[in-house]
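Beneath this line is the structure, given in structure tokens, with notes to follow.
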Amino acid sequence: MIANARMYSVAPAAAAAWRHLFEWVSEESGIPLEIVDHAYPARLDDLWRHEDLAAVFICGLPLARDRRALVPIAAPIPARPRYEGRPVYFTDFVVRANSPFRSLADTFDHRIAYTTPGSHSGYNAARHHLLRYRTPERRRLYAETIGPLITPRRAVEAVAAGNAEVAPVDSYALDLLRMHDPALARSVRTVENTAAAPIPPLVASAGIERDRASVLQRVFTHAPAHLLDRLALSGFARADAAGYAALIGLEAEAISAGYPVLE
């Protein structure tokens with residue numbers, strides 16, 4: 001069975017930290033895990049279609065849409081105080097650190113980068129958040145959209161390089177960048193953030209044996225501090241697939257409001 005943290009392998013050191021955690025989980029649980037990279041530009045959709053998932057990150061929006069009853073194993077709890085010890089995350093709108101923009105509204109009529117329309121943090125949450133700024137006279141907020149850039153790192157790089165003025169980015173991915181690629185993290189700053197949402201969980205395939213799933217759930221929630229620290233985490237919580245259904249509601253609200261495309 002396979003394990004993968006592609007979604008949060010934002011730098012080589014972060015990928016190594018996830019590998020060390022998965023190796024510990026495999027040894028502690030007695031369940032052999034094959035740790036696969038599936039690096040960009042390989043499609044995450046192709047990874048999620050595997051029938052041998054044991055601990056693979058999936059975005060909450062695709063999880064909510066998936067009809068296969070994937071089994072949530074664990075949801076990370078980011079360590080920074082803003083998360084209040086909960087398995088949640090935000091979308092942070094980032095601009096270049098030395099840009100003149102002081103608010104999200106300042107970025108309107110410029111260029112916004114995005115990861116992929118299938119992402120909650122990189123698209124869905126941002127679109128819903130921007131609804132508050134649209135008016136009958138101003139239905140389009142940005143002059144141009146740049147993407148799909150697929151990964152949070154590439155969205156940050158687009159802003160840092162001046163290819164876009166703003167990008168919505170997974171806040172936990174930014175935490176990992178601050179830890180493992182501080183130079184890149186310092187090249188941008190946050191001007192606004194969305195409401196909290198359930199953080200992407202690690203999931204297993206629908207066919208996993210119940211006993212194996214229970215063991216993996218227990219082991220992740222007892223991960224030691226020395227492994228968690230390198231991942232900017234305070235721990236893992238058991239995840240509930242039903243909690244991600246609300247993300248579809250945010251998508252529906254934006255579409256019904258006449259904002260089907262981020263622009």
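The chains in the structure tokens are called A, B, ... from first to last as shown; in each chain the residues are counted from 1, and the ligands are counted from 1 in the order shown.
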How close does segment 232-255 of chain A get to segment 127-131 of chain A? List, as a Markdown table, each residue of segment 232-255 of chain A within 7 Å, its nearest atom pair and the distance in Å to one decimal, counting only C-alpha atoms.
```
| residue | atom | partner | partner_atom | distance |
| --- | --- | --- | --- | --- |
| A:Leu250 | CA | A:His128 | CA | 6.2 |
| A:Glu251 | CA | A:His128 | CA | 7.0 |
| A:Ala254 | CA | A:His128 | CA | 5.5 |
```
Go ahead and write the selection's residues with C-alpha atoms as a CSV table (one decimal), in the first residue's frame.
```
chain,number,residue,atom,x,y,z
A,250,LEU,CA,-19.1,27.2,-1.0
A,251,GLU,CA,-18.6,26.2,-4.7
A,254,ALA,CA,-20.2,31.2,-5.9
```
Distance table requested - segment 230-260 of chain A against segment 214-220 of chain A, cut-off 10 Å, only C-alpha atoms: one row per qualifying residue with the closest atom pair and its distance in Å to one decimal, ordered by chain and rising residue number, as a Markdown table.
```
| residue | atom | partner | partner_atom | distance |
| --- | --- | --- | --- | --- |
| A:Gly235 | CA | A:Phe220 | CA | 8.1 |
| A:Phe236 | CA | A:Phe220 | CA | 6.2 |
| A:Ala237 | CA | A:Phe220 | CA | 8.0 |
| A:Arg238 | CA | A:Gln217 | CA | 6.5 |
| A:Ala239 | CA | A:Gln217 | CA | 9.0 |
```
Item to check | Long-range neighbours of Leu174 of chain A as a list of chain:residue names, 9 Å cut-off, only C-alpha atoms, 2 positions minimum in chain | outcome: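 Contacts, with the query itself left out: A:Val10, A:Asp92, A:Pro152, A:Arg153, A:Val156, A:Val169, A:Asp170, A:Ser171, A:Tyr172, A:Leu176, A:Leu177, A:Arg178, A:Met179, A:Ala185.
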Taking N, CA and C atoms for each residue, export the selection above as a PDB file, in the first residue's frame.
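That gives us out_36.pdb:
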```pdb
ATOM      1  N   VAL A  10       6.633  20.787  -0.267  1.00  0.00           N
ATOM      2  CA  VAL A  10       6.856  22.084  -0.909  1.00  0.00           C
ATOM      3  C   VAL A  10       8.318  22.386  -1.163  1.00  0.00           C
ATOM      4  N   ASP A  92      -4.446  31.961   2.242  1.00  0.00           N
ATOM      5  CA  ASP A  92      -3.787  33.256   2.402  1.00  0.00           C
ATOM      6  C   ASP A  92      -3.566  33.879   1.025  1.00  0.00           C
ATOM      7  N   PRO A 152       1.030  24.890  -4.762  1.00  0.00           N
ATOM      8  CA  PRO A 152       1.165  26.144  -4.017  1.00  0.00           C
ATOM      9  C   PRO A 152       2.528  26.802  -4.220  1.00  0.00           C
ATOM     10  N   ARG A 153       3.568  26.005  -4.270  1.00  0.00           N
ATOM     11  CA  ARG A 153       4.904  26.568  -4.457  1.00  0.00           C
ATOM     12  C   ARG A 153       4.991  27.354  -5.756  1.00  0.00           C
ATOM     13  N   VAL A 156       3.297  30.680  -5.437  1.00  0.00           N
ATOM     14  CA  VAL A 156       4.152  31.625  -4.711  1.00  0.00           C
ATOM     15  C   VAL A 156       5.268  32.123  -5.618  1.00  0.00           C
ATOM     16  N   VAL A 169      -3.104  30.963  -1.538  1.00  0.00           N
ATOM     17  CA  VAL A 169      -2.189  29.864  -1.233  1.00  0.00           C
ATOM     18  C   VAL A 169      -2.601  29.188   0.074  1.00  0.00           C
ATOM     19  N   ASP A 170      -2.532  27.884   0.095  1.00  0.00           N
ATOM     20  CA  ASP A 170      -2.768  27.064   1.283  1.00  0.00           C
ATOM     21  C   ASP A 170      -1.865  27.551   2.426  1.00  0.00           C
ATOM     22  N   SER A 171      -2.468  27.931   3.548  1.00  0.00           N
ATOM     23  CA  SER A 171      -1.686  28.517   4.645  1.00  0.00           C
ATOM     24  C   SER A 171      -0.703  27.531   5.260  1.00  0.00           C
ATOM     25  N   TYR A 172      -1.076  26.245   5.310  1.00  0.00           N
ATOM     26  CA  TYR A 172      -0.144  25.273   5.873  1.00  0.00           C
ATOM     27  C   TYR A 172       1.032  25.044   4.934  1.00  0.00           C
ATOM     28  N   LEU A 176       5.097  25.469   5.812  1.00  0.00           N
ATOM     29  CA  LEU A 176       6.194  24.562   5.455  1.00  0.00           C
ATOM     30  C   LEU A 176       7.264  25.289   4.646  1.00  0.00           C
ATOM     31  N   LEU A 177       6.854  26.215   3.789  1.00  0.00           N
ATOM     32  CA  LEU A 177       7.837  27.012   3.054  1.00  0.00           C
ATOM     33  C   LEU A 177       8.661  27.869   4.012  1.00  0.00           C
ATOM     34  N   ARG A 178       8.019  28.452   5.004  1.00  0.00           N
ATOM     35  CA  ARG A 178       8.758  29.261   5.979  1.00  0.00           C
ATOM     36  C   ARG A 178       9.816  28.430   6.693  1.00  0.00           C
ATOM     37  N   MET A 179       9.513  27.170   6.918  1.00  0.00           N
ATOM     38  CA  MET A 179      10.450  26.303   7.622  1.00  0.00           C
ATOM     39  C   MET A 179      11.542  25.769   6.699  1.00  0.00           C
ATOM     40  N   ALA A 185       9.741  32.004   1.046  1.00  0.00           N
ATOM     41  CA  ALA A 185       8.631  32.460   1.888  1.00  0.00           C
ATOM     42  C   ALA A 185       8.730  33.955   2.170  1.00  0.00           C
TER      43      ALA A 185
END
```
Checklist entry - Any idea what's packed within 7 Å of Val191 of chain A, counting only C-alpha atoms, ignoring anything in its chain fewer than 5 positions away? Could you give it as an MDAnalysis selection string? => result chainID A and resid 93:94 102:104
Selection from above, N, CA and C atoms, as a tab-separated table (two decimals), in the first residue's frame, can you write it?
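Now in part-v4.tsv:
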```
chain	number	residue	atom	x	y	z
A	93	PHE	N	-4.02	35.10	0.86
A	93	PHE	CA	-3.75	35.83	-0.38
A	93	PHE	C	-2.40	36.50	-0.24
A	94	VAL	N	-1.45	36.10	-1.06
A	94	VAL	CA	-0.09	36.62	-0.94
A	94	VAL	C	0.25	37.55	-2.09
A	102	ARG	N	-1.38	46.92	0.00
A	102	ARG	CA	-1.59	46.79	1.44
A	102	ARG	C	-2.87	46.05	1.78
A	103	SER	N	-3.72	45.83	0.80
A	103	SER	CA	-4.97	45.10	1.02
A	103	SER	C	-5.27	44.27	-0.20
A	104	LEU	N	-6.19	43.33	-0.05
A	104	LEU	CA	-6.58	42.52	-1.19
A	104	LEU	C	-7.23	43.38	-2.26
```
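If you look at atom CA of Asp240 of chain A and atom CA of Ala213 of chain A, they are 13.1 Å away from each other.
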Closest pair table for segment 57-149 of chain A residues within 6 Å of segment 198-206 of chain A, only C-alpha atoms, as CSV:
```
residue,atom,partner,partner_atom,distance
A:Phe57,CA,A:Leu202,CA,4.3
A:Ile58,CA,A:Pro200,CA,5.7
A:Cys59,CA,A:Pro200,CA,4.8
A:Gly60,CA,A:Pro200,CA,5.1
A:Ala69,CA,A:Ala206,CA,5.5
A:Leu70,CA,A:Ala206,CA,4.6
A:Val71,CA,A:Ala204,CA,5.0
A:Pro72,CA,A:Val203,CA,4.4
A:Ile73,CA,A:Val203,CA,5.1
A:Ala74,CA,A:Leu202,CA,5.3
A:Ala75,CA,A:Pro201,CA,4.3
A:Pro87,CA,A:Ile199,CA,5.7
A:Val88,CA,A:Ile199,CA,4.5
A:Tyr89,CA,A:Ile199,CA,5.3
```
Checklist entry - Where in segment 86-212 of chain A does DSSP assign strand (DSSP E), given as a PyMOL selection string? => result chain A and resi 88-89+91-96+111-113+144-146+167-170+188-193+197-198+202-204
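Pairwise distance (atom CA of Leu63 of chain A, atom CA of Thr190 of chain A) equals 27.2 Å.
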Checklist entry - Residues at most 9 Å from segment 13-28 of chain A, counting only C-alpha atoms, excluding those fewer than 3 positions away in the same chain, as number ranges by chain? => result A: 3-6, 8-10, 31-35, 37, 55, 176-177, 179-181, 216, 219-220, 223, 227-228, 230-231
Could you save those same residues with N, CA and C atoms as a compact mmCIF listing (two decimals), in the first residue's frame?
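And here is the file that came out, selection-v9.txt:
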```
# COMPACT_ATOMS: atom_id res chain seq x y z
N ALA A 3 1.96 5.46 0.34
CA ALA A 3 1.87 6.70 1.09
C ALA A 3 2.44 7.81 0.22
N ASN A 4 1.85 9.00 0.33
CA ASN A 4 2.31 10.11 -0.50
C ASN A 4 1.91 11.43 0.14
N ALA A 5 2.87 12.36 0.15
CA ALA A 5 2.62 13.70 0.69
C ALA A 5 2.95 14.76 -0.36
N ARG A 6 2.71 14.44 -1.62
CA ARG A 6 3.02 15.38 -2.71
C ARG A 6 2.42 16.76 -2.45
N TYR A 8 2.03 18.45 0.15
CA TYR A 8 2.74 19.26 1.13
C TYR A 8 4.25 19.03 1.09
N SER A 9 4.75 18.53 -0.02
CA SER A 9 6.19 18.42 -0.22
C SER A 9 6.66 19.67 -0.97
N VAL A 10 6.63 20.79 -0.27
CA VAL A 10 6.86 22.08 -0.91
C VAL A 10 8.32 22.39 -1.16
N ILE A 31 2.52 -2.17 9.05
CA ILE A 31 1.92 -2.18 7.72
C ILE A 31 2.94 -1.64 6.73
N PRO A 32 3.46 -2.47 5.84
CA PRO A 32 4.47 -1.98 4.89
C PRO A 32 3.88 -0.90 3.99
N LEU A 33 4.56 0.23 3.93
CA LEU A 33 4.12 1.34 3.10
C LEU A 33 5.16 1.61 2.03
N GLU A 34 4.71 1.67 0.80
CA GLU A 34 5.58 2.11 -0.30
C GLU A 34 5.41 3.62 -0.44
N ILE A 35 6.47 4.37 -0.20
CA ILE A 35 6.41 5.83 -0.25
C ILE A 35 6.72 6.27 -1.67
N ASP A 37 6.67 9.21 -4.83
CA ASP A 37 6.81 10.65 -4.99
C ASP A 37 5.66 11.26 -5.79
N ALA A 55 -2.07 6.05 2.95
CA ALA A 55 -1.92 7.36 3.60
C ALA A 55 -1.49 8.36 2.53
N LEU A 176 5.10 25.47 5.81
CA LEU A 176 6.19 24.56 5.46
C LEU A 176 7.26 25.29 4.65
N LEU A 177 6.85 26.22 3.79
CA LEU A 177 7.84 27.01 3.05
C LEU A 177 8.66 27.87 4.01
N MET A 179 9.51 27.17 6.92
CA MET A 179 10.45 26.30 7.62
C MET A 179 11.54 25.77 6.70
N HIS A 180 11.17 25.36 5.49
CA HIS A 180 12.09 24.62 4.63
C HIS A 180 12.62 25.40 3.43
N ASP A 181 12.04 26.55 3.12
CA ASP A 181 12.56 27.42 2.07
C ASP A 181 12.27 28.86 2.48
N LEU A 216 -3.66 2.43 11.43
CA LEU A 216 -3.03 3.63 10.86
C LEU A 216 -3.55 4.89 11.54
N VAL A 219 -1.86 5.15 14.95
CA VAL A 219 -0.43 5.44 14.88
C VAL A 219 -0.18 6.90 14.51
N PHE A 220 -0.90 7.40 13.52
CA PHE A 220 -0.70 8.81 13.14
C PHE A 220 -1.00 9.74 14.31
N ALA A 223 2.04 10.20 16.66
CA ALA A 223 3.34 10.52 16.06
C ALA A 223 4.18 11.33 17.05
N LEU A 227 9.32 14.18 14.95
CA LEU A 227 8.91 14.09 13.55
C LEU A 227 7.92 15.19 13.20
N LEU A 228 7.04 15.51 14.13
CA LEU A 228 6.05 16.55 13.90
C LEU A 228 6.69 17.92 13.76
N ARG A 230 9.42 18.91 12.45
CA ARG A 230 9.97 19.19 11.12
C ARG A 230 8.88 19.39 10.08
N LEU A 231 7.63 19.17 10.49
CA LEU A 231 6.50 19.36 9.58
C LEU A 231 5.59 20.50 10.05
```
Checklist entry - Out of segment 102-230 of chain A, which residues get helix (DSSP H, G or I) from DSSP, as a PyMOL selection string? => result chain A and resi 105-107+120-133+152-160+171-180+182-186+210-220+225-229
Item to check | Among the residues A:His226, A:Arg96, A:Arg212, A:Arg139, the one that comes closest to Ala160 of chain A [using only C-alpha atoms] | outcome: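 Looking at the shortest contact to Ala160 of chain A, the residue is A:Arg96.
The shortest atom-to-atom distance to Tyr244 of chain A, with only C-alpha atoms taken into account, belongs to A:Ala64 out of A:Ala143, A:Ala105, A:Ala161, A:Ala64.
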Next on the checklist: Counting only C-alpha atoms, which residue out of A:Val188, A:Pro41, A:Ala257, A:Ala54 sits closest to Ser29 of chain A?
Outcome noted: A:Ala54
Checklist outcome for this item: Counting only C-alpha atoms, closest pick from A:Tyr40, A:Tyr259, A:Tyr133, A:Phe90 relative to Ser121 of chain A is A:Phe90
Checklist entry - Using only C-alpha atoms, which of the listed residues (A:Ile208, A:Ala195, A:His120, A:Met1) sits closest to Arg68 of chain A? => result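 Of the candidates, the smallest distance to Arg68 of chain A is held by A:Ile208.
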Write out as a PDB file with N, CA and C atoms, in the first residue's frame each polymer residue whose atoms come within 9 Å of Ala155 of chain A, counting only C-alpha atoms; drop sequence neighbours fewer than 6 positions from it.
```
ATOM      1  N   ALA A 113      -2.938  34.663  -9.728  1.00  0.00           N
ATOM      2  CA  ALA A 113      -2.503  33.304 -10.077  1.00  0.00           C
ATOM      3  C   ALA A 113      -3.321  32.308  -9.270  1.00  0.00           C
ATOM      4  N   TYR A 114      -3.463  31.090  -9.793  1.00  0.00           N
ATOM      5  CA  TYR A 114      -4.196  30.054  -9.063  1.00  0.00           C
ATOM      6  C   TYR A 114      -3.552  28.699  -9.331  1.00  0.00           C
ATOM      7  N   THR A 115      -3.845  27.747  -8.474  1.00  0.00           N
ATOM      8  CA  THR A 115      -3.273  26.405  -8.635  1.00  0.00           C
ATOM      9  C   THR A 115      -4.074  25.592  -9.644  1.00  0.00           C
ATOM     10  N   GLY A 122      -6.611  26.797  -3.322  1.00  0.00           N
ATOM     11  CA  GLY A 122      -6.031  27.545  -4.431  1.00  0.00           C
ATOM     12  C   GLY A 122      -7.023  28.097  -5.421  1.00  0.00           C
ATOM     13  N   ILE A 146      -3.772  33.771 -14.018  1.00  0.00           N
ATOM     14  CA  ILE A 146      -2.575  33.037 -14.421  1.00  0.00           C
ATOM     15  C   ILE A 146      -2.665  31.636 -13.857  1.00  0.00           C
ATOM     16  N   GLY A 147      -2.736  30.636 -14.723  1.00  0.00           N
ATOM     17  CA  GLY A 147      -2.815  29.265 -14.248  1.00  0.00           C
ATOM     18  C   GLY A 147      -3.465  28.364 -15.285  1.00  0.00           C
ATOM     19  N   PRO A 148      -3.600  27.097 -14.947  1.00  0.00           N
ATOM     20  CA  PRO A 148      -3.334  26.482 -13.644  1.00  0.00           C
ATOM     21  C   PRO A 148      -1.838  26.264 -13.394  1.00  0.00           C
ATOM     22  N   LEU A 149      -1.398  26.617 -12.206  1.00  0.00           N
ATOM     23  CA  LEU A 149      -0.002  26.431 -11.811  1.00  0.00           C
ATOM     24  C   LEU A 149       0.191  25.157 -10.984  1.00  0.00           C
ATOM     25  N   ALA A 164       2.512  37.476 -11.523  1.00  0.00           N
ATOM     26  CA  ALA A 164       1.167  37.759 -11.036  1.00  0.00           C
ATOM     27  C   ALA A 164       1.320  38.652  -9.814  1.00  0.00           C
ATOM     28  N   VAL A 166      -0.971  38.678  -7.197  1.00  0.00           N
ATOM     29  CA  VAL A 166      -1.545  38.050  -6.006  1.00  0.00           C
ATOM     30  C   VAL A 166      -1.859  36.595  -6.312  1.00  0.00           C
ATOM     31  N   ALA A 167      -1.841  35.757  -5.278  1.00  0.00           N
ATOM     32  CA  ALA A 167      -2.226  34.354  -5.435  1.00  0.00           C
ATOM     33  C   ALA A 167      -2.822  33.855  -4.134  1.00  0.00           C
ATOM     34  N   PRO A 168      -3.887  33.054  -4.202  1.00  0.00           N
ATOM     35  CA  PRO A 168      -4.415  32.388  -3.022  1.00  0.00           C
ATOM     36  C   PRO A 168      -3.610  31.116  -2.774  1.00  0.00           C
ATOM     37  N   VAL A 169      -3.104  30.963  -1.538  1.00  0.00           N
ATOM     38  CA  VAL A 169      -2.189  29.864  -1.233  1.00  0.00           C
ATOM     39  C   VAL A 169      -2.601  29.188   0.074  1.00  0.00           C
TER      40      VAL A 169
END
```
